[in-house]
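Report on one structure; see the data block that follows.
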Amino acid sequence: MKTLKIAIQKSGRLNEKSVEILKNCGLSFENYKSSLISTVTNFPLEILFLRDDDIPEYVQDGIADLGIVGENVIVEAGAEVTYLQKLGFGKCTLKIAIPNESNITGIAQLSGKAIATSYPVILEKYLKDNNVDAEVRTISGSVEIGPGLGLSDAICDIVSTGGTLKSNGLKPFSEVMKSEAVLIGKAGSDLLPEVQELLQRIRSVLRAKE
Ligand code: PRT
Ligand code: ZN
């Protein structure tokens with residue numbers, strides 16, 4: 001039997017639910033915060049704990065057979081992977097937001113404006129699809145402070161409750177993409193029997209939750 005590898009987030013918003021779904025599949029493993037790899041004792045599986053940004057490439061390149069990661073990260077990485085199953089957690093929306101006092105009312109008015117984001121690939125495509133010629137300023141975090149600092153006229157970032165936008169004097173303007181955590185596998189290859197077994201278990205865990 002082949003020992004599969006599944007890549008999940010080491011720490012962050014998706015870690016706990018990723019571990020939980022695997023445990024609910026009946027998999028036994030230690031979840032030490034310090035280890036980067038954990039061996040499942042009752043299934044041919046190793047769990048790799050990674051930064052979420054690295055997961056799409058690991059699966060694309062076949063270093064991991066499976067991965068659990070947000071769709072936003074997969075699309076931003078431009079990784080070619082197969083979506084095996086949406087997992088129903090980590091739900092959020094990538095949105096463009098503008099300062100409360102901004103007089104921008106339509107998307108065309110973003111032309112010539114600067115938009116700060118950590119998702120330049122997704123944002124560039126969205127702007128192109130909407131014929132908007134804006135300047136995309138890539139920053140790696142805390143994009144919500146951009147407009148207040150005069151760094152940008154708008155931002156494009158992940159929103160879940162909307163609390164962060166609100167506390168930074170911003171309001172949602174348009175929706176760029178919806179995202180949730182998904183189970184991914186290598187593109188264009190037949191599913192190994194071990195992968196099929198795991199997928200079946202994950203699906204029954206999800207059904208039991210409905
Ligand atoms: O360390 P590592 O690189 O692995 O983690 P990370 O810091 O890059 O990601 P992490 O753990 O913050 O998020 C992992 C994934 O969770 C994201 O890629 C999304 O798919 C998903 N997710 C769901 C979110 C949120 N909800 C979310 N609210 N990711 C980030 N946020 C942030 C957002 O960037 C903003 O700053 O939360 C803030 C907005 O939240 P609200 O509730 O105030 O609207
Ligand atoms: Zn990350």
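Each chain of the structure tokens is named A, B, ... in the order shown, its residues numbered from 1; ligands are numbered from 1 in display order.
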Compile the contact shell of region 26-30 of chain A as a list of chain:residue names: residues with an atom at most 12 Å away, counting only C-alpha atoms, same-chain residues fewer than 3 positions apart removed.
A:Val19, A:Glu20, A:Ile21, A:Leu22, A:Lys23, A:Lys33, A:Ser34, A:Ser35, A:Leu36, A:Ile37, A:Ser38, A:Thr39, A:Val40, A:Thr41, A:Asn42, A:Phe43, A:Pro44, A:Leu45, A:Glu46, A:Ile47, A:Leu48, A:Phe49, A:Glu197, A:Leu198, A:Arg201, A:Ile202, A:Ser204, A:Val205
Written file, previous selection with N, CA and C atoms, as a short mmCIF file (atom, residue, chain, number, x, y, z; two decimals), in the first residue's frame:
data_model
loop_
_atom_site.label_atom_id
_atom_site.label_comp_id
_atom_site.auth_asym_id
_atom_site.auth_seq_id
_atom_site.Cartn_x
_atom_site.Cartn_y
_atom_site.Cartn_z
N VAL A 19 -7.56 19.57 10.98
CA VAL A 19 -7.24 18.47 11.90
C VAL A 19 -8.52 17.75 12.31
N GLU A 20 -9.54 18.55 12.61
CA GLU A 20 -10.81 17.98 13.09
C GLU A 20 -11.44 17.05 12.05
N ILE A 21 -11.43 17.48 10.79
CA ILE A 21 -12.08 16.64 9.77
C ILE A 21 -11.30 15.33 9.59
N LEU A 22 -9.99 15.40 9.69
CA LEU A 22 -9.19 14.17 9.56
C LEU A 22 -9.44 13.24 10.75
N LYS A 23 -9.51 13.81 11.94
CA LYS A 23 -9.80 13.00 13.15
C LYS A 23 -11.19 12.38 13.04
N LYS A 33 2.29 20.65 17.98
CA LYS A 33 2.45 21.95 17.32
C LYS A 33 3.86 22.11 16.77
N SER A 34 4.82 21.39 17.36
CA SER A 34 6.21 21.60 16.95
C SER A 34 6.62 20.75 15.75
N SER A 35 5.87 19.68 15.48
CA SER A 35 6.35 18.80 14.39
C SER A 35 5.78 19.23 13.05
N LEU A 36 6.53 18.99 12.02
CA LEU A 36 6.12 19.41 10.68
C LEU A 36 5.48 18.26 9.93
N ILE A 37 5.60 17.07 10.50
CA ILE A 37 5.06 15.89 9.84
C ILE A 37 4.55 14.95 10.92
N SER A 38 3.43 14.32 10.66
CA SER A 38 2.84 13.42 11.65
C SER A 38 2.38 12.17 10.92
N THR A 39 2.63 11.01 11.50
CA THR A 39 2.25 9.75 10.84
C THR A 39 0.94 9.26 11.43
N VAL A 40 0.02 8.93 10.54
CA VAL A 40 -1.26 8.36 10.98
C VAL A 40 -1.00 6.89 11.28
N THR A 41 -1.47 6.44 12.45
CA THR A 41 -1.13 5.07 12.87
C THR A 41 -2.08 4.02 12.31
N ASN A 42 -3.29 4.44 11.86
CA ASN A 42 -4.25 3.44 11.41
C ASN A 42 -4.72 3.64 9.96
N PHE A 43 -3.89 4.31 9.18
CA PHE A 43 -4.17 4.52 7.74
C PHE A 43 -2.84 4.88 7.09
N PRO A 44 -2.60 4.43 5.84
CA PRO A 44 -1.31 4.75 5.21
C PRO A 44 -1.21 6.22 4.80
N LEU A 45 -1.03 7.08 5.78
CA LEU A 45 -1.07 8.52 5.53
C LEU A 45 -0.10 9.27 6.43
N GLU A 46 0.59 10.23 5.84
CA GLU A 46 1.41 11.17 6.61
C GLU A 46 0.82 12.56 6.44
N ILE A 47 0.83 13.32 7.51
CA ILE A 47 0.29 14.68 7.45
C ILE A 47 1.44 15.67 7.49
N LEU A 48 1.50 16.55 6.48
CA LEU A 48 2.54 17.58 6.44
C LEU A 48 1.91 18.89 6.89
N PHE A 49 2.53 19.56 7.84
CA PHE A 49 2.01 20.83 8.34
C PHE A 49 2.81 21.96 7.70
N GLU A 197 -10.68 5.97 -0.75
CA GLU A 197 -11.15 5.58 0.59
C GLU A 197 -11.25 6.81 1.51
N LEU A 198 -10.19 7.62 1.46
CA LEU A 198 -10.17 8.81 2.32
C LEU A 198 -11.26 9.80 1.91
N ARG A 201 -14.56 8.71 3.17
CA ARG A 201 -14.72 8.99 4.61
C ARG A 201 -15.00 10.46 4.85
N ILE A 202 -14.28 11.34 4.13
CA ILE A 202 -14.49 12.79 4.28
C ILE A 202 -15.92 13.15 3.90
N SER A 204 -18.54 11.25 4.01
CA SER A 204 -19.56 10.84 4.99
C SER A 204 -19.49 11.70 6.25
N VAL A 205 -18.31 12.19 6.61
CA VAL A 205 -18.22 13.13 7.73
C VAL A 205 -19.02 14.41 7.40
#
Sorted by chain and rising residue number, which residues of chain A lie within 6 Å of ligand 1, and what are their closest atom pairs and distances in Å to one decimal, counting only C-alpha atoms and all ligand atoms, as a tab-separated table?
residue	atom	partner	partner_atom_place_in_ligand_line	distance
A:Gln9	CA	ligand 1	4 (O)	5.4
A:Ser11	CA	ligand 1	4 (O)	5.9
A:Gly12	CA	ligand 1	11 (O)	3.3
A:Arg13	CA	ligand 1	11 (O)	3.8
A:Leu14	CA	ligand 1	14 (C)	5.5
A:Arg51	CA	ligand 1	4 (O)	3.5
A:Asp52	CA	ligand 1	4 (O)	3.9
A:Asp53	CA	ligand 1	3 (O)	5.5
A:Gly70	CA	ligand 1	20 (O)	3.7
A:Asn72	CA	ligand 1	20 (O)	5.6
A:Val73	CA	ligand 1	18 (O)	5.6
A:Gly90	CA	ligand 1	23 (C)	4.3
A:Lys91	CA	ligand 1	23 (C)	5.2
A:Cys92	CA	ligand 1	23 (C)	4.7
A:Asp157	CA	ligand 1	34 (O)	5.8
A:Ile158	CA	ligand 1	33 (C)	4.4
A:Val159	CA	ligand 1	44 (O)	3.8
A:Ser160	CA	ligand 1	44 (O)	3.7
A:Thr161	CA	ligand 1	42 (O)	3.6
A:Gly162	CA	ligand 1	44 (O)	3.5
A:Gly163	CA	ligand 1	43 (O)	3.8
A:Thr164	CA	ligand 1	43 (O)	3.6
A:Glu180	CA	ligand 1	20 (O)	5.8
Write to file, as an mmCIF file, in the first residue's frame, the residues of the selection just made, with C-alpha atoms.
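File produced: selection18.cif:
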data_model
loop_
_atom_site.group_PDB
_atom_site.id
_atom_site.type_symbol
_atom_site.label_atom_id
_atom_site.label_comp_id
_atom_site.auth_asym_id
_atom_site.auth_seq_id
_atom_site.Cartn_x
_atom_site.Cartn_y
_atom_site.Cartn_z
ATOM 1 C CA GLN A 9 -2.038 24.393 7.326
ATOM 2 C CA SER A 11 -1.240 27.124 12.160
ATOM 3 C CA GLY A 12 -3.852 29.694 11.300
ATOM 4 C CA ARG A 13 -7.503 29.821 10.460
ATOM 5 C CA LEU A 14 -7.736 26.478 8.664
ATOM 6 C CA ARG A 51 2.220 27.474 5.423
ATOM 7 C CA ASP A 52 -1.023 27.570 3.454
ATOM 8 C CA ASP A 53 0.677 29.438 0.590
ATOM 9 C CA GLY A 70 -8.545 27.987 0.703
ATOM 10 C CA ASN A 72 -8.280 32.004 -2.794
ATOM 11 C CA VAL A 73 -4.772 30.654 -2.185
ATOM 12 C CA GLY A 90 -12.929 28.756 6.029
ATOM 13 C CA LYS A 91 -15.670 30.535 4.141
ATOM 14 C CA CYS A 92 -14.890 34.103 3.140
ATOM 15 C CA ASP A 157 -8.904 41.699 0.750
ATOM 16 C CA ILE A 158 -10.639 38.805 2.403
ATOM 17 C CA VAL A 159 -13.730 39.651 4.359
ATOM 18 C CA SER A 160 -15.658 37.354 6.641
ATOM 19 C CA THR A 161 -17.592 39.280 9.297
ATOM 20 C CA GLY A 162 -16.729 42.704 7.859
ATOM 21 C CA GLY A 163 -15.491 43.852 11.282
ATOM 22 C CA THR A 164 -11.969 44.647 10.062
ATOM 23 C CA GLU A 180 -13.844 28.105 1.227
#
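Distance annotation: of A:Gly141, A:Gly169, A:Gly78, A:Gly112, the residue with the minimal separation from Leu127 (chain A) is A:Gly112; atom set is only C-alpha atoms.
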Taking only residues of region 151-173 of chain A that have an atom at most 12 Å from an atom of region 134-139 of chain A, what is each one's shortest atom pair and its distance in Å to one decimal, using only C-alpha atoms, in chain and number order, as CSV?
residue,atom,partner,partner_atom,distance
A:Leu151,CA,A:Arg137,CA,8.5
A:Ser152,CA,A:Arg137,CA,7.7
A:Asp153,CA,A:Glu135,CA,9.8
A:Ala154,CA,A:Val136,CA,9.8
A:Ile155,CA,A:Arg137,CA,9.0
A:Cys156,CA,A:Val136,CA,9.4
A:Asp157,CA,A:Ile139,CA,10.7
Emit the selected residues as a compact mmCIF listing (two decimals), in the first residue's frame, including C-alpha atoms.
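result.txt, freshly written:
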# COMPACT_ATOMS: atom_id res chain seq x y z
CA LEU A 151 -1.12 54.36 0.06
CA SER A 152 -4.18 53.42 -1.95
CA ASP A 153 -7.68 54.57 -2.90
CA ALA A 154 -9.19 51.15 -2.33
CA ILE A 155 -8.23 47.70 -1.10
CA CYS A 156 -8.97 44.16 -2.14
CA ASP A 157 -8.90 41.70 0.75
Which residues are near Leu206 (chain A)? Cut-off 10 Å, only C-alpha atoms, ignore same chain within fewer than 5 positions. Put them as a ChimeraX atom specification.
/A:21,24-25,85-88,200-201
